[in-house]
$ cat model07.pdb   # PDB, C-alpha atoms
MODEL        1
ATOM      1  CA  MET A   1     -12.030  11.021  -0.243
ATOM      2  CA  PRO A   2     -10.438  10.703   3.153
ATOM      3  CA  TYR A   3      -6.792   9.880   3.592
ATOM      4  CA  LEU A   4      -6.456   7.529   6.502
ATOM      5  CA  PRO A   5      -3.730   8.323   9.037
ATOM      6  CA  THR A   6      -2.076   4.923   9.189
ATOM      7  CA  ALA A   7      -1.603   1.947   6.942
ATOM      8  CA  ALA A   8      -3.186  -0.267   9.597
ATOM      9  CA  ALA A   9      -6.328   1.868   9.651
ATOM     10  CA  TRP A  10      -6.465   1.742   5.869
ATOM     11  CA  LEU A  11      -6.261  -2.015   5.959
ATOM     12  CA  THR A  12      -8.977  -2.447   8.587
ATOM     13  CA  GLN A  13     -11.366  -0.115   6.818
ATOM     14  CA  SER A  14     -10.595  -1.611   3.421
ATOM     15  CA  SER A  15     -11.090  -5.117   4.743
ATOM     16  CA  LEU A  16     -14.525  -4.175   5.990
ATOM     17  CA  LEU A  17     -15.439  -2.570   2.685
ATOM     18  CA  ILE A  18     -14.295  -5.604   0.726
ATOM     19  CA  GLN A  19     -16.194  -7.896   3.054
ATOM     20  CA  ALA A  20     -19.321  -5.882   2.499
ATOM     21  CA  ARG A  21     -18.898  -5.556  -1.275
ATOM     22  CA  PRO A  22     -16.535  -8.254  -2.408
ATOM     23  CA  SER A  23     -17.353  -8.257  -6.108
ATOM     24  CA  THR A  24     -17.339  -4.545  -6.868
ATOM     25  CA  THR A  25     -14.579  -3.125  -4.669
ATOM     26  CA  LYS A  26     -11.202  -2.598  -6.251
ATOM     27  CA  ILE A  27      -7.865  -1.501  -4.892
ATOM     28  CA  THR A  28      -5.686   0.803  -6.938
ATOM     29  CA  THR A  29      -2.061   1.376  -6.065
ATOM     30  CA  ARG A  30      -0.506   4.408  -7.666
ATOM     31  CA  TYR A  31       3.232   4.849  -7.636
ATOM     32  CA  SER A  32       4.029   8.201  -9.132
ATOM     33  CA  HIS A  33       7.066  10.285  -9.616
ATOM     34  CA  PRO A  34       6.532  13.916 -10.477
ATOM     35  CA  LYS A  35       8.393  15.615 -13.296
ATOM     36  CA  LYS A  36      11.658  17.108 -12.195
ATOM     37  CA  LYS A  37      12.086  20.864 -12.528
ATOM     38  CA  LYS A  38      14.878  21.729 -14.900
ATOM     39  CA  LYS A  39      18.020  22.398 -12.919
ATOM     40  CA  PRO A  40      21.515  22.183 -14.319
ATOM     41  CA  SER A  41      23.717  19.351 -13.072
ATOM     42  CA  SER A  42      21.639  18.038 -10.245
ATOM     43  CA  SER A  43      21.622  14.313 -10.605
ATOM     44  CA  PRO A  44      19.397  12.376  -8.245
ATOM     45  CA  ASP A  45      22.382  10.308  -7.136
ATOM     46  CA  THR A  46      23.879  13.140  -5.100
ATOM     47  CA  THR A  47      21.150  12.891  -2.528
ATOM     48  CA  THR A  48      22.141   9.385  -1.551
ATOM     49  CA  THR A  49      25.730  10.196  -0.681
ATOM     50  CA  ASP A  50      26.183  10.464   3.043
ATOM     51  CA  SER A  51      28.808  13.205   3.260
ATOM     52  CA  THR A  52      26.537  16.155   2.533
ATOM     53  CA  THR A  53      26.841  19.002   4.972
ATOM     54  CA  ALA A  54      24.125  21.247   3.578
ATOM     55  CA  PRO A  55      20.694  19.668   3.283
ATOM     56  CA  PRO A  56      20.327  18.465  -0.295
ATOM     57  CA  LYS A  57      17.838  20.294  -2.462
ATOM     58  CA  ALA A  58      15.127  17.749  -2.014
ATOM     59  CA  PRO A  59      13.620  16.707  -5.300
ATOM     60  CA  LYS A  60       9.906  16.103  -5.036
ATOM     61  CA  PRO A  61       9.754  12.591  -3.677
ATOM     62  CA  ALA A  62       7.878   9.808  -5.340
ATOM     63  CA  THR A  63       4.626   8.871  -3.688
ATOM     64  CA  LEU A  64       2.681   5.718  -3.212
ATOM     65  CA  ILE A  65      -1.073   6.002  -2.864
ATOM     66  CA  LEU A  66      -3.350   3.131  -2.034
ATOM     67  CA  LYS A  67      -7.014   3.569  -2.846
ATOM     68  CA  THR A  68      -9.888   1.244  -2.105
ATOM     69  CA  TYR A  69     -12.971   2.167  -4.056
ATOM     70  CA  ASP A  70     -16.408   0.694  -4.324
ATOM     71  CA  PRO A  71     -18.314   2.219  -7.251
ATOM     72  CA  VAL A  72     -21.686   1.004  -6.008
ATOM     73  CA  SER A  73     -21.661   2.696  -2.633
ATOM     74  CA  GLY A  74     -19.154   5.340  -3.685
ATOM     75  CA  THR A  75     -16.900   4.599  -0.736
ATOM     76  CA  CYS A  76     -13.301   5.583  -1.185
ATOM     77  CA  LEU A  77     -10.488   4.980   1.270
ATOM     78  CA  LYS A  78      -6.979   6.241   0.665
ATOM     79  CA  TYR A  79      -3.584   6.052   2.218
ATOM     80  CA  GLN A  80      -0.507   7.907   1.072
ATOM     81  CA  THR A  81       3.132   7.394   1.878
ATOM     82  CA  ASP A  82       6.534   8.272   0.485
ATOM     83  CA  ARG A  83       8.662   5.843   2.466
ATOM     84  CA  ALA A  84      10.313   2.896   0.785
ATOM     85  CA  ALA A  85      10.327   0.983   4.064
ATOM     86  CA  GLU A  86       6.564   0.615   3.914
ATOM     87  CA  VAL A  87       6.347  -1.007   0.490
ATOM     88  CA  GLY A  88       6.764  -4.558   1.740
ATOM     89  CA  ARG A  89       4.207  -4.116   4.467
ATOM     90  CA  LEU A  90       1.714  -2.494   2.110
ATOM     91  CA  VAL A  91       1.980  -5.226  -0.479
ATOM     92  CA  ALA A  92       1.391  -7.705   2.331
ATOM     93  CA  SER A  93      -1.762  -5.726   3.105
ATOM     94  CA  LEU A  94      -2.750  -6.012  -0.538
ATOM     95  CA  GLY A  95      -2.308  -9.751  -0.211
ATOM     96  CA  ARG A  96      -4.534  -9.790   2.826
ATOM     97  CA  ALA A  97      -7.162  -7.764   1.031
ATOM     98  CA  GLY A  98      -6.789 -10.116  -1.918
ATOM     99  CA  ARG A  99      -7.618 -13.066   0.280
ATOM    100  CA  ILE A 100     -10.844 -11.406   1.357
ATOM    101  CA  MET A 101     -11.673 -10.577  -2.264
ATOM    102  CA  ALA A 102     -11.102 -14.173  -3.243
ATOM    103  CA  ALA A 103     -13.236 -15.387  -0.323
ATOM    104  CA  LEU A 104     -10.298 -17.317   1.076
ATOM    105  CA  PRO A 105     -10.065 -17.763   4.831
ATOM    106  CA  VAL A 106      -8.042 -15.018   6.473
ATOM    107  CA  SER A 107      -5.901 -15.864   9.448
ATOM    108  CA  GLU A 108      -6.882 -14.031  12.614
ATOM    109  CA  ASP A 109      -3.471 -13.462  14.121
ATOM    110  CA  THR A 110      -2.389 -10.740  11.712
ATOM    111  CA  VAL A 111      -5.376  -8.486  12.314
ATOM    112  CA  MET A 112      -4.044  -5.023  13.006
ATOM    113  CA  GLY A 113      -6.732  -3.112  14.795
ATOM    114  CA  ASP A 114      -6.764  -0.027  16.917
ATOM    115  CA  ALA A 115      -9.625   1.213  19.027
ATOM    116  CA  PRO A 116     -10.928   4.156  16.988
ATOM    117  CA  ALA A 117     -10.853   2.120  13.809
ATOM    118  CA  ALA A 118     -12.847  -0.592  15.522
ATOM    119  CA  THR A 119     -15.580   1.801  16.559
ATOM    120  CA  THR A 120     -15.999   3.214  13.068
ATOM    121  CA  ALA A 121     -15.926  -0.334  11.841
ATOM    122  CA  ALA A 122     -18.897  -1.103  14.027
ATOM    123  CA  LYS A 123     -20.704   1.862  12.497
ATOM    124  CA  GLU A 124     -20.010   0.600   9.022
ATOM    125  CA  GLU A 125     -21.285  -2.807   9.985
ATOM    126  CA  ALA A 126     -24.523  -1.230  11.030
ATOM    127  CA  THR A 127     -24.909   0.648   7.749
ATOM    128  CA  THR A 128     -24.328  -2.323   5.497
ATOM    129  CA  THR A 129     -27.848  -3.640   5.606
ATOM    130  CA  ASN A 130     -27.847  -6.755   7.757
ATOM    131  CA  ALA A 131     -24.964  -8.269   5.862
ATOM    132  CA  PRO A 132     -23.484 -11.275   7.618
ATOM    133  CA  VAL A 133     -20.355  -9.431   8.588
ATOM    134  CA  PRO A 134     -17.514 -11.845   9.282
ATOM    135  CA  GLU A 135     -15.169 -12.092  12.149
ATOM    136  CA  ALA A 136     -12.517  -9.389  11.682
ATOM    137  CA  SER A 137     -14.072  -6.741  13.956
ATOM    138  CA  GLY A 138     -12.546  -5.398  17.116
ATOM    139  CA  LYS A 139     -12.189  -8.543  19.189
ATOM    140  CA  PRO A 140      -8.394  -8.789  19.317
ATOM    141  CA  THR A 141      -8.061  -5.068  20.024
ATOM    142  CA  PRO A 142      -7.399  -5.061  23.777
ATOM    143  CA  THR A 143      -4.527  -7.504  23.540
ATOM    144  CA  ALA A 144      -2.953  -5.565  20.699
ATOM    145  CA  LYS A 145      -3.157  -2.411  22.744
ATOM    146  CA  GLU A 146      -1.531  -4.020  25.745
ATOM    147  CA  THR A 147       1.418  -5.230  23.773
ATOM    148  CA  MET A 148       1.847  -1.824  22.194
ATOM    149  CA  GLY A 149       1.877  -0.109  25.580
ATOM    150  CA  GLY A 150       5.127  -1.635  26.803
ATOM    151  CA  GLY A 151       7.577   0.763  25.261
ATOM    152  CA  GLY A 152       9.219   2.693  28.097
ATOM    153  CA  GLY A 153      12.532   2.041  29.779
ATOM    154  CA  GLY A 154      16.052   3.194  29.115
ATOM    155  CA  GLY A 155      15.425   6.716  30.375
ATOM    156  CA  GLY A 156      18.512   7.074  32.518
ATOM    157  CA  LYS A 157      20.935   7.663  29.725
ATOM    158  CA  LYS A 158      18.767  10.310  28.139
ATOM    159  CA  LYS A 159      18.535  12.290  31.360
ATOM    160  CA  LYS A 160      22.274  12.437  31.630
ATOM    161  CA  GLY A 161      22.511  13.930  28.180
ATOM    162  CA  LYS A 162      19.932  16.579  28.951
ATOM    163  CA  ARG A 163      21.720  17.732  32.097
ATOM    164  CA  GLY A 164      24.859  18.163  30.049
ATOM    165  CA  LYS A 165      23.187  20.752  27.850
TER     166      LYS A 165
ATOM    167  CA  MET B 166      -8.752  -7.058 -23.510
ATOM    168  CA  LEU B 167     -10.931  -9.940 -22.423
ATOM    169  CA  GLY B 168      -9.070 -13.211 -22.502
ATOM    170  CA  ASN B 169      -5.805 -11.418 -23.064
ATOM    171  CA  HIS B 170      -4.451 -12.072 -19.617
ATOM    172  CA  LEU B 171      -0.800 -12.907 -19.097
ATOM    173  CA  SER B 172       0.396 -15.762 -16.977
ATOM    174  CA  ASN B 173       1.520 -14.703 -13.508
ATOM    175  CA  GLU B 174       5.148 -15.196 -14.458
ATOM    176  CA  ASP B 175       4.936 -13.104 -17.644
ATOM    177  CA  PHE B 176       3.060 -10.457 -15.736
ATOM    178  CA  PHE B 177       5.938 -10.047 -13.298
ATOM    179  CA  VAL B 178       8.513  -9.894 -16.068
ATOM    180  CA  GLN B 179       6.585  -7.189 -17.875
ATOM    181  CA  LEU B 180       5.783  -5.340 -14.683
ATOM    182  CA  SER B 181       9.500  -5.120 -13.957
ATOM    183  CA  THR B 182      10.116  -3.616 -17.388
ATOM    184  CA  LEU B 183       7.262  -1.195 -16.744
ATOM    185  CA  PHE B 184       8.965  -0.049 -13.547
ATOM    186  CA  ASP B 185      12.278   0.156 -15.375
ATOM    187  CA  SER B 186      10.897   2.331 -18.143
ATOM    188  CA  ARG B 187       9.435   4.678 -15.546
ATOM    189  CA  ARG B 188      12.842   4.915 -13.911
ATOM    190  CA  GLU B 189      14.536   5.707 -17.212
ATOM    191  CA  ASN B 190      12.059   8.489 -17.879
ATOM    192  CA  GLY B 191      12.680   9.982 -14.463
ATOM    193  CA  HIS B 192       8.996  10.668 -13.957
ATOM    194  CA  GLY B 193       5.646   9.104 -14.582
ATOM    195  CA  SER B 194       3.395   6.695 -12.767
ATOM    196  CA  VAL B 195       2.604   3.053 -12.427
ATOM    197  CA  PHE B 196      -0.942   2.046 -11.576
ATOM    198  CA  LEU B 197      -1.722  -1.339 -10.091
ATOM    199  CA  THR B 198      -5.245  -2.525  -9.442
ATOM    200  CA  GLN B 199      -6.788  -5.631  -8.036
ATOM    201  CA  LYS B 200     -10.373  -6.821  -7.846
ATOM    202  CA  ARG B 201     -12.366  -9.989  -7.768
ATOM    203  CA  LEU B 202     -12.703 -11.497 -11.213
ATOM    204  CA  THR B 203     -16.368 -11.666 -12.063
ATOM    205  CA  THR B 204     -16.886 -13.697 -15.195
ATOM    206  CA  ILE B 205     -20.618 -13.169 -15.229
ATOM    207  CA  PRO B 206     -21.872  -9.612 -14.746
ATOM    208  CA  PRO B 207     -23.649  -9.315 -11.413
ATOM    209  CA  ALA B 208     -27.315 -10.095 -11.867
ATOM    210  CA  LYS B 209     -29.948  -7.486 -11.188
ATOM    211  CA  PRO B 210     -31.199  -7.913  -7.653
ATOM    212  CA  GLN B 211     -34.524  -9.679  -7.692
ATOM    213  CA  GLY B 212     -34.994 -10.423  -4.051
ATOM    214  CA  PRO B 213     -33.254  -9.988  -0.747
ATOM    215  CA  THR B 214     -31.447 -13.289  -1.171
ATOM    216  CA  ASP B 215     -29.816 -12.337  -4.475
ATOM    217  CA  VAL B 216     -28.383  -9.079  -3.249
ATOM    218  CA  LEU B 217     -25.998 -10.714  -0.867
ATOM    219  CA  ALA B 218     -25.179 -13.759  -2.940
ATOM    220  CA  ASP B 219     -21.633 -12.549  -3.624
ATOM    221  CA  LEU B 220     -20.845 -12.318   0.078
ATOM    222  CA  ARG B 221     -20.549 -16.049   0.456
ATOM    223  CA  PRO B 222     -19.563 -17.677  -2.793
ATOM    224  CA  SER B 223     -19.424 -21.438  -2.717
ATOM    225  CA  ASP B 224     -15.805 -21.490  -3.914
ATOM    226  CA  PRO B 225     -12.889 -19.113  -3.569
ATOM    227  CA  GLN B 226     -12.849 -16.693  -6.491
ATOM    228  CA  PRO B 227      -9.895 -15.729  -8.682
ATOM    229  CA  ILE B 228      -8.766 -12.119  -8.581
ATOM    230  CA  LEU B 229      -7.744  -9.906 -11.458
ATOM    231  CA  VAL B 230      -4.587  -7.830 -11.183
ATOM    232  CA  ARG B 231      -3.859  -5.083 -13.667
ATOM    233  CA  ALA B 232      -0.925  -2.753 -14.236
ATOM    234  CA  THR B 233      -0.679   0.280 -16.496
ATOM    235  CA  ASN B 234       1.515   3.311 -16.927
ATOM    236  CA  GLY B 235      -1.548   5.532 -16.992
ATOM    237  CA  LYS B 236      -1.004   6.915 -20.483
ATOM    238  CA  SER B 237      -4.137   7.950 -22.254
ATOM    239  CA  LYS B 238      -5.499  10.406 -24.784
ATOM    240  CA  ALA B 239      -2.592  12.118 -26.518
ATOM    241  CA  SER B 240      -0.005   9.517 -25.619
ATOM    242  CA  ARG B 241      -2.239   6.525 -26.088
ATOM    243  CA  ALA B 242       0.394   4.933 -28.321
ATOM    244  CA  ASP B 243       2.745   4.654 -25.336
ATOM    245  CA  LYS B 244       0.172   3.004 -23.143
ATOM    246  CA  THR B 245       1.155  -0.254 -21.508
ATOM    247  CA  LYS B 246      -1.573  -2.453 -20.132
ATOM    248  CA  LEU B 247      -0.914  -5.695 -18.337
ATOM    249  CA  SER B 248      -3.320  -7.993 -16.634
ATOM    250  CA  THR B 249      -3.250 -11.388 -15.024
ATOM    251  CA  VAL B 250      -5.645 -13.650 -13.205
ATOM    252  CA  VAL B 251      -4.529 -15.006  -9.868
ATOM    253  CA  GLU B 252      -6.144 -18.265  -8.907
ATOM    254  CA  PRO B 253      -6.974 -18.700  -5.221
ATOM    255  CA  ASP B 254      -4.373 -21.390  -4.625
ATOM    256  CA  ALA B 255      -1.657 -19.329  -6.309
ATOM    257  CA  GLN B 256      -2.322 -16.202  -4.304
ATOM    258  CA  GLU B 257       0.214 -16.642  -1.582
ATOM    259  CA  ALA B 258       3.069 -17.179  -4.018
ATOM    260  CA  PHE B 259       1.825 -14.350  -6.210
ATOM    261  CA  PHE B 260       1.811 -11.766  -3.468
ATOM    262  CA  SER B 261       5.219 -12.643  -2.111
ATOM    263  CA  ARG B 262       6.633 -12.276  -5.617
ATOM    264  CA  TYR B 263       4.570  -9.113  -6.089
ATOM    265  CA  ALA B 264       6.176  -7.617  -2.985
ATOM    266  CA  GLU B 265       9.641  -8.348  -4.360
ATOM    267  CA  VAL B 266       8.905  -6.753  -7.720
ATOM    268  CA  CYS B 267       7.316  -3.709  -6.116
ATOM    269  CA  LYS B 268      10.174  -3.219  -3.681
ATOM    270  CA  ALA B 269      12.643  -3.405  -6.546
ATOM    271  CA  GLY B 270      10.589  -1.131  -8.777
ATOM    272  CA  MET B 271       9.645   1.590  -6.309
ATOM    273  CA  GLY B 272      13.161   2.786  -5.673
ATOM    274  CA  ALA B 273      12.345   6.471  -5.896
ATOM    275  CA  LEU B 274      10.565   6.480  -2.566
ATOM    276  CA  LYS B 275      12.360   7.904   0.445
ATOM    277  CA  LYS B 276      14.960   5.622   1.913
ATOM    278  CA  ARG B 277      15.264   5.305   5.626
ATOM    279  CA  ASP B 278      17.516   8.194   6.598
ATOM    280  CA  ARG B 279      20.301   6.767   8.705
ATOM    281  CA  SER B 280      22.722   9.668   8.357
ATOM    282  CA  ALA B 281      20.483  11.982  10.387
ATOM    283  CA  ARG B 282      20.319   9.544  13.256
ATOM    284  CA  LYS B 283      24.077   9.135  13.245
ATOM    285  CA  LYS B 284      24.545  12.889  13.337
ATOM    286  CA  ALA B 285      22.180  13.230  16.277
ATOM    287  CA  LYS B 286      24.071  10.582  18.155
ATOM    288  CA  ALA B 287      27.379  12.364  17.611
ATOM    289  CA  LYS B 288      25.867  15.617  18.825
ATOM    290  CA  LYS B 289      24.562  13.939  21.939
ATOM    291  CA  ARG B 290      27.941  12.458  22.713
ATOM    292  CA  LYS B 291      29.549  15.858  22.315
ATOM    293  CA  ALA B 292      26.992  17.509  24.581
ATOM    294  CA  GLY B 293      27.502  14.807  27.179
ATOM    295  CA  ALA B 294      31.252  15.376  27.212
ATOM    296  CA  GLU B 295      30.804  19.110  27.673
ATOM    297  CA  GLY B 296      28.417  18.515  30.545
ATOM    298  CA  GLU B 297      30.996  16.406  32.346
ATOM    299  CA  LYS B 298      33.576  19.151  32.024
ATOM    300  CA  ARG B 299      31.164  21.687  33.423
ATOM    301  CA  GLY B 300      29.848  19.536  36.262
TER     302      GLY B 300
ENDMDL
END
$ encode --input "model07.pdb" --output "structure tokens"
Amino acid sequence: MPYLPTAAAWLTQSSLLIQARPSTTKITTRYSHPKKKKKPSSSPDTTTTDSTTAPPKAPKPATLILKTYDPVSGTCLKYQTDRAAEVGRLVASLGRAGRIMAALPVSEDTVMGDAPAATTAAKEEATTTNAPVPEASGKPTPTAKETMGGGGGGGGKKKKGKRGK
Amino acid sequence: MLGNHLSNEDFFVQLSTLFDSRRENGHGSVFLTQKRLTTIPPAKPQGPTDVLADLRPSDPQPILVRATNGKSKASRADKTKLSTVVEPDAQEAFFSRYAEVCKAGMGALKKRDRSARKKAKAKKRKAGAEGEKRG
């Protein structure tokens, strides 16, 4: 049961699995909050106040785990996060996966692929016995990579700060 | 449970209460699943053509979305089970609403920590000022 490193990788792999086995694959989303250890007068609200000098005793954070599972082949793909900022994006991924499940056309422009995922995807294509694997393989990868690469700039200010130390 | 599906709207209302009850408890889980709705059990493969029949259905298929609080065995009485069928043409609206409900319900996840960034900025400014004095 591998945990995939990024949400994008989870989506690419899951998409491929659903394409290969559209009627048996299911996606389970687990949002869980562990039991709090008994501690006197530590309300969860105190952590959100901004004027804390000492680091707040972090309560075990809630987690969100996405799991794509196909009982026929036994394939299981998981992704775990604890950040609230990702919820919207992940549900959008669920929607994308849902479109593949429903055999609705999926728009090409939102394909999030990275190179290593694409190579493993090709492997998976080979293993799924001559299934007519649809479009979403690694074609748009190079362009995505190029756009990602342009993230430098603004170094001058930082240097100044370093010299100061 | 067959044929006991809620309408999409009722599903969201009850899913919100499911999230709320988890919040009141302070712990617990919410499980959400989705899969293609297969009304007829998949036929036993008879030939190479049948095996891959589900890969290209003639029409878009509905999907089944379920939600539970994961209670079983001892606390079976507290178990909540919700399910709804999402028709292909309703999917887009469903998932945008689904995102809203999930964002509202999953409040116990880590918020983006802005205070740390602010602190770092202040530190940097301080360090910069010292550097000017020295240099």
$ resolve_selection --input "model07.pdb" --expression "the ChimeraX specification (/A :<7) & /B" --output "number ranges by chain"
B: 192-201, 203, 219-220, 225-228, 253, 260, 264, 268, 273-277, 280, 289, 292-293, 295-297
$ atom_distance --input "model07.pdb" --atom1 "atom CA of Leu16 of chain A" --atom2 "atom CA of Phe259 of chain B"
22.8 Å
$ resolve_selection --input "model07.pdb" --expression "the PyMOL selection byres ((chain A and resi 73-76) around 9)" --output "MDAnalysis selection string"
chainID A and resid 1:2 14 17 21 25 67:72 77:78
$ closest_residue --input "model07.pdb" --among "B:Lys291, B:Val230, B:Ala269, B:Ser240" --to "Asn173 of chain B" --atoms "all atoms listed in the file"
B:Val230
$ atom_distance --input "model07.pdb" --atom1 "atom CA of Asp278 of chain B" --atom2 "atom CA of Phe184 of chain B"
23.4 Å
$ residues_around --input "model07.pdb" --residues "Asp185 of chain B" --least-positions-apart "3" --cutoff "12 Å" --atoms "only C-alpha atoms" --output "PyMOL selection string"
chain B and resi 178-182+188-195+234+266-267+269-273
$ closest_residue --input "model07.pdb" --among "B:Thr204, B:Ser186, B:Ser261, B:Thr245" --to "Leu229 of chain B" --atoms "all atoms listed in the file"
B:Thr204
$ atom_distance --input "model07.pdb" --atom1 "atom CA of Trp10 of chain A" --atom2 "atom CA of Leu202 of chain B"
22.5 Å
$ closest_residue --input "model07.pdb" --among "B:Arg187, B:Arg231, B:Ser237, B:Thr249" --to "Asp175 of chain B" --atoms "all atoms listed in the file"
B:Thr249
